[in-house]
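The data block below is work_24.tsv; it holds TSV, C-alpha atoms and all ligand atoms.
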chain	number	residue	atom	x	y	z
A	1	MET	CA	19.86	-69.80	44.03
A	2	SER	CA	22.50	-72.53	44.20
A	3	GLU	CA	23.46	-74.43	41.07
A	4	ILE	CA	22.01	-77.89	40.56
A	5	LEU	CA	24.56	-80.53	39.69
A	6	ALA	CA	23.37	-83.91	38.46
A	7	ILE	CA	25.23	-87.16	37.88
A	8	TYR	CA	24.44	-89.30	34.85
A	9	PRO	CA	25.98	-92.66	35.77
A	10	GLY	CA	26.40	-95.72	33.62
A	11	SER	CA	28.65	-98.34	32.10
A	12	PHE	CA	28.70	-96.67	28.66
A	13	ASP	CA	30.29	-99.77	27.11
A	14	PRO	CA	29.96	-98.20	24.61
A	15	LEU	CA	28.10	-94.92	24.51
A	16	THR	CA	25.08	-94.98	22.15
A	17	ASN	CA	23.06	-92.24	20.46
A	18	GLY	CA	20.44	-92.88	23.14
A	19	HIS	CA	22.96	-91.97	25.87
A	20	LEU	CA	23.94	-88.85	23.95
A	21	ASP	CA	20.30	-87.86	23.56
A	22	LEU	CA	19.85	-88.16	27.31
A	23	ILE	CA	23.01	-86.14	28.01
A	24	GLU	CA	21.71	-83.34	25.77
A	25	ARG	CA	18.35	-83.35	27.52
A	26	GLY	CA	19.96	-83.41	30.96
A	27	ALA	CA	22.30	-80.56	30.07
A	28	GLN	CA	19.26	-78.39	29.33
A	29	ILE	CA	17.69	-79.05	32.70
A	30	PHE	CA	20.62	-79.04	35.11
A	31	ASP	CA	23.26	-76.37	35.64
A	32	GLN	CA	26.03	-78.96	35.61
A	33	LEU	CA	25.88	-82.54	34.41
A	34	VAL	CA	28.64	-85.01	35.23
A	35	VAL	CA	28.62	-88.14	33.10
A	36	ALA	CA	30.09	-90.75	35.45
A	37	VAL	CA	31.55	-93.93	34.02
A	38	LEU	CA	31.50	-96.95	36.33
A	39	THR	CA	34.96	-98.52	36.24
A	40	ASN	CA	34.47	-101.74	38.20
A	41	LEU	CA	31.99	-103.52	35.95
A	42	ASP	CA	30.87	-107.01	36.98
A	43	LYS	CA	31.15	-108.20	33.43
A	44	GLN	CA	34.30	-107.87	31.34
A	45	PRO	CA	33.84	-104.63	29.37
A	46	LEU	CA	34.68	-104.31	25.69
A	47	PHE	CA	36.26	-100.89	26.26
A	48	THR	CA	38.54	-99.83	29.10
A	49	SER	CA	37.20	-97.10	31.35
A	50	GLN	CA	39.71	-94.70	29.80
A	51	GLU	CA	38.42	-95.50	26.30
A	52	ARG	CA	34.82	-95.05	27.44
A	53	VAL	CA	35.71	-91.69	29.00
A	54	GLU	CA	37.58	-90.55	25.88
A	55	MET	CA	34.61	-91.30	23.61
A	56	LEU	CA	32.26	-89.44	25.96
A	57	GLN	CA	34.62	-86.47	26.06
A	58	VAL	CA	34.73	-86.31	22.27
A	59	VAL	CA	30.95	-86.26	21.89
A	60	THR	CA	30.26	-83.83	24.75
A	61	THR	CA	33.04	-81.35	24.08
A	62	ALA	CA	30.65	-78.73	22.67
A	63	ILE	CA	28.26	-78.97	25.63
A	64	LYS	CA	29.80	-76.57	28.09
A	65	ASN	CA	28.00	-77.65	31.27
A	66	VAL	CA	28.81	-81.35	30.78
A	67	SER	CA	31.92	-83.04	32.16
A	68	VAL	CA	33.03	-86.65	32.21
A	69	ASP	CA	34.41	-88.53	35.19
A	70	THR	CA	34.82	-92.07	36.50
A	71	PHE	CA	33.59	-93.63	39.70
A	72	ASP	CA	33.96	-96.85	41.60
A	73	GLY	CA	31.93	-98.28	44.46
A	74	LEU	CA	28.60	-96.87	45.57
A	75	LEU	CA	26.98	-94.36	43.26
A	76	VAL	CA	25.41	-92.34	46.08
A	77	GLU	CA	28.77	-91.94	47.80
A	78	TYR	CA	30.21	-90.59	44.58
A	79	ALA	CA	27.15	-88.32	44.12
A	80	GLN	CA	27.55	-86.97	47.65
A	81	SER	CA	31.27	-86.34	47.12
A	82	LYS	CA	30.29	-84.17	44.12
A	83	LYS	CA	27.52	-82.46	46.13
A	84	ALA	CA	25.05	-83.63	43.48
A	85	LYS	CA	21.36	-82.99	44.02
A	86	ALA	CA	20.22	-85.47	41.41
A	87	ILE	CA	21.02	-88.71	39.64
A	88	LEU	CA	19.84	-88.80	36.04
A	89	ARG	CA	18.73	-92.07	34.47
A	90	GLY	CA	17.02	-92.89	31.20
A	91	ILE	CA	13.97	-95.09	30.82
A	92	ARG	CA	13.50	-96.43	27.32
A	93	ALA	CA	10.72	-98.94	27.65
A	94	PHE	CA	8.50	-100.37	30.35
A	95	SER	CA	10.99	-103.22	30.76
A	96	ASP	CA	13.57	-100.76	32.17
A	97	TYR	CA	11.20	-99.58	34.86
A	98	GLU	CA	11.50	-102.33	37.46
A	99	TYR	CA	15.29	-102.31	37.55
A	100	GLU	CA	15.42	-98.52	37.56
A	101	LEU	CA	12.78	-98.22	40.28
A	102	GLN	CA	14.66	-100.69	42.46
A	103	MET	CA	17.93	-98.83	41.96
A	104	ALA	CA	16.34	-95.43	42.62
A	105	LEU	CA	14.68	-96.63	45.81
A	106	VAL	CA	17.86	-98.29	47.10
A	107	ASN	CA	19.78	-95.11	46.36
A	108	ARG	CA	17.11	-93.05	48.13
A	109	GLN	CA	17.33	-95.32	51.15
A	110	LEU	CA	21.11	-94.79	51.24
A	111	ALA	CA	21.04	-91.06	50.50
A	112	PRO	CA	17.55	-89.47	50.83
A	113	GLN	CA	18.76	-86.02	49.80
A	114	VAL	CA	19.87	-87.21	46.33
A	115	GLU	CA	16.87	-87.42	44.02
A	116	THR	CA	16.73	-89.72	40.99
A	117	VAL	CA	15.32	-88.05	37.90
A	118	PHE	CA	14.17	-90.11	34.92
A	119	LEU	CA	14.10	-88.84	31.38
A	120	MET	CA	13.00	-90.61	28.21
A	121	PRO	CA	15.26	-90.56	25.18
A	122	ALA	CA	13.72	-89.81	21.78
A	123	GLU	CA	11.56	-92.74	20.71
A	124	ILE	CA	13.87	-93.59	17.81
A	125	TYR	CA	16.41	-94.65	20.44
A	126	SER	CA	13.99	-96.58	22.62
A	127	TYR	CA	15.21	-99.93	21.25
A	128	LEU	CA	18.91	-99.13	21.55
A	129	SER	CA	21.30	-100.63	24.08
A	130	SER	CA	25.07	-100.96	24.37
A	131	ARG	CA	24.69	-104.73	24.47
A	132	LEU	CA	22.81	-104.82	21.15
A	133	VAL	CA	25.28	-102.44	19.53
A	134	LYS	CA	28.18	-104.74	20.49
A	135	GLU	CA	26.33	-107.80	19.28
A	136	ILE	CA	25.33	-106.26	15.94
A	137	PHE	CA	28.85	-105.00	15.34
A	138	GLN	CA	30.49	-108.28	16.28
A	139	TYR	CA	28.34	-110.08	13.71
A	140	GLY	CA	29.25	-107.58	11.01
A	141	GLY	CA	26.09	-105.44	11.06
A	142	SER	CA	26.05	-101.69	10.65
A	143	VAL	CA	25.72	-99.57	13.79
A	144	LYS	CA	26.10	-96.29	11.90
A	145	ASP	CA	22.77	-94.84	13.03
A	146	MET	CA	23.06	-96.17	16.56
A	147	VAL	CA	26.29	-94.70	17.89
A	148	PRO	CA	28.32	-91.51	17.40
A	149	HIS	CA	30.98	-91.67	14.70
A	150	VAL	CA	33.86	-91.89	17.19
A	151	VAL	CA	32.30	-95.00	18.74
A	152	GLU	CA	31.89	-96.67	15.37
A	153	GLU	CA	35.57	-96.02	14.65
A	154	ARG	CA	36.67	-97.33	18.03
A	155	LEU	CA	34.54	-100.44	17.55
A	156	ARG	CA	36.25	-101.06	14.25
A	157	GLN	CA	39.67	-100.65	15.85
A	158	LYS	CA	38.67	-102.92	18.71
A	159	LEU	CA	37.61	-105.66	16.34
A	160	SER	CA	40.96	-105.57	14.57
A	161	ASN	CA	42.86	-105.33	17.88
A	162	PRO	CA	40.71	-106.91	20.62
A	163	VAL	CA	42.68	-106.04	23.78
A	164	ALA	CA	40.66	-106.88	26.91
A	165	GLY	CA	38.88	-103.97	28.56
A	166	GLY	CA	39.01	-102.91	32.19
A	201	LIG	O1	24.55	-98.32	32.36
A	201	LIG	P1	24.19	-99.23	33.47
A	201	LIG	O2	25.08	-100.44	33.48
A	201	LIG	O3	22.73	-99.58	33.48
A	201	LIG	O4	24.49	-98.43	34.83
A	201	LIG	C1	24.28	-99.02	36.08
A	201	LIG	C2	24.92	-98.19	37.21
A	201	LIG	C3	26.37	-97.91	36.92
A	201	LIG	C4	24.19	-96.87	37.33
A	201	LIG	C5	24.75	-99.00	38.53
A	201	LIG	O5	25.19	-100.30	38.34
A	201	LIG	C6	25.49	-98.38	39.71
A	201	LIG	O6	25.14	-97.33	40.18
A	201	LIG	N1	26.55	-99.08	40.18
A	201	LIG	C7	27.36	-98.60	41.28
A	201	LIG	C8	27.16	-99.47	42.52
A	201	LIG	C9	25.96	-99.01	43.32
A	201	LIG	O7	25.87	-97.88	43.76
A	201	LIG	N2	24.99	-99.93	43.54
A	201	LIG	C10	23.82	-99.64	44.34
A	201	LIG	C11	22.70	-99.06	43.51
A	201	LIG	S1	21.77	-100.32	42.78

For this file, write the structure as structure tokens.
Ligand code: PNS
Amino acid sequence: MSEILAIYPGSFDPLTNGHLDLIERGAQIFDQLVVAVLTNLDKQPLFTSQERVEMLQVVTTAIKNVSVDTFDGLLVEYAQSKKAKAILRGIRAFSDYEYELQMALVNRQLAPQVETVFLMPAEIYSYLSSRLVKEIFQYGGSVKDMVPHVVEERLRQKLSNPVAGG
């Protein structure tokens, strides 16, 4: 049987424990999981794509079937270029559903052979988002239990040296 490769796409600005939870779950289901960082974000990112990739590499280094990459443009075109059978996305709460459904159906319209698979992170992460992590950190709150250690460190560095992302 051929190997099943899945893409886990996102902005990851920055990676949270919820993302990591989903990566670990995805790695148990798929033969290969490529975490794909979108480089051309609409909004100005806090971290450059290289920084986002580096943090993901640090936290996934022990998971042998996970790799980290970047992509630009249409997700399904990237997925097809990797011969991916699936796109992995996380659904935390009901409020995620509409946006995720829309994205999955648009992607299916564009590339019917690439299936979107939804997984739920552990419920302790169901409230977590990159946006909230940035906000909490910027106002001096602790994000210790919300992000991997490397992200916390990079956030601290970023606050003392806020070079624009990209
Ligand atoms: O972590 P995010 O920001 O929710 O991830 C969104 C992402 C990167 C998966 C989505 O914006 C995306 O796939 N962008 C690439 C452009 C694209 O393919 N758009 C059409 C699908 S809606």

(request) Take atom CA of Pro14 of chain A and atom CA of Ser130 of chain A and report the distance between them in Å, one decimal. (result) 5.6 Å

(message) Let me see if you get this right: every residue at most 8 Å from ligand LIG 201 (chain A), counting all atoms listed in the file, written as a list of chain:residue names.
(response)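 After applying the 8 Å limit, what remains is A:Tyr8, A:Pro9, A:Gly10, A:Ser11, A:Phe12, A:Asp13, A:Val37, A:Leu38, A:Leu41, A:Asp72, A:Gly73, A:Leu74, A:Leu75, A:Val76, A:Glu77, A:Arg89, A:Gln102, A:Met103, A:Ala104, A:Val106, A:Asn107.
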
The selected residues should be written to file as a short mmCIF file (atom, residue, chain, number, x, y, z; two decimals), keeping the file's coordinate frame (atoms: C-alpha atoms).
data_model
loop_
_atom_site.label_atom_id
_atom_site.label_comp_id
_atom_site.auth_asym_id
_atom_site.auth_seq_id
_atom_site.Cartn_x
_atom_site.Cartn_y
_atom_site.Cartn_z
CA TYR A 8 24.44 -89.30 34.85
CA PRO A 9 25.98 -92.66 35.77
CA GLY A 10 26.40 -95.72 33.62
CA SER A 11 28.65 -98.34 32.10
CA PHE A 12 28.70 -96.67 28.66
CA ASP A 13 30.29 -99.77 27.11
CA VAL A 37 31.55 -93.93 34.02
CA LEU A 38 31.50 -96.95 36.33
CA LEU A 41 31.99 -103.52 35.95
CA ASP A 72 33.96 -96.85 41.60
CA GLY A 73 31.93 -98.28 44.46
CA LEU A 74 28.60 -96.87 45.57
CA LEU A 75 26.98 -94.36 43.26
CA VAL A 76 25.41 -92.34 46.08
CA GLU A 77 28.77 -91.94 47.80
CA ARG A 89 18.73 -92.07 34.47
CA GLN A 102 14.66 -100.69 42.46
CA MET A 103 17.93 -98.83 41.96
CA ALA A 104 16.34 -95.43 42.62
CA VAL A 106 17.86 -98.29 47.10
CA ASN A 107 19.78 -95.11 46.36
#

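Our summary of the geometry notes that atom CA of Ile124 of chain A is positioned 12.5 Å from atom CA of Val147 of chain A.
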
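Using all atoms listed in the file, the shortest contact distance between Leu128 of chain A and any of A:Arg156, A:Thr16, A:Ser81, A:Val66 is found at A:Thr16.
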
(message) So that I can check the surroundings of Met55 of chain A, please list as a ChimeraX atom specification every protein, DNA and RNA residue that reaches within 7 Å of it, counting only C-alpha atoms and ignoring chain neighbours fewer than 4 positions away.
(response) /A:51,59,150-151

(request) Could you check how far atom CA of Thr60 of chain A sits from atom CA of Gly90 of chain A, in Å to one decimal? (result) 17.3 Å

(message) Here is a test: counting only C-alpha atoms, which residue of A:Lys85, A:Arg108, A:Lys144, A:Lys134 is nearest to Phe47 of chain A?
(response)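 Checking each candidate against Phe47 of chain A, we get A:Lys134 as the closest.
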
Emit as lines of an AutoDock Vina configuration file the padded axis-aligned box for all listed atoms of segment 93-98 of chain A, 6 Å per side, with centre and edge lengths in Å to one decimal.
center_x = 11.0
center_y = -101.1
center_z = 32.6
size_x = 17.1
size_y = 16.3
size_z = 21.8

(message) Taking only C-alpha atoms into account, name the residue in A:Gln50, A:Val35, A:Leu132, A:Asn65 that is nearest to Leu20 of chain A.
(response) A:Val35
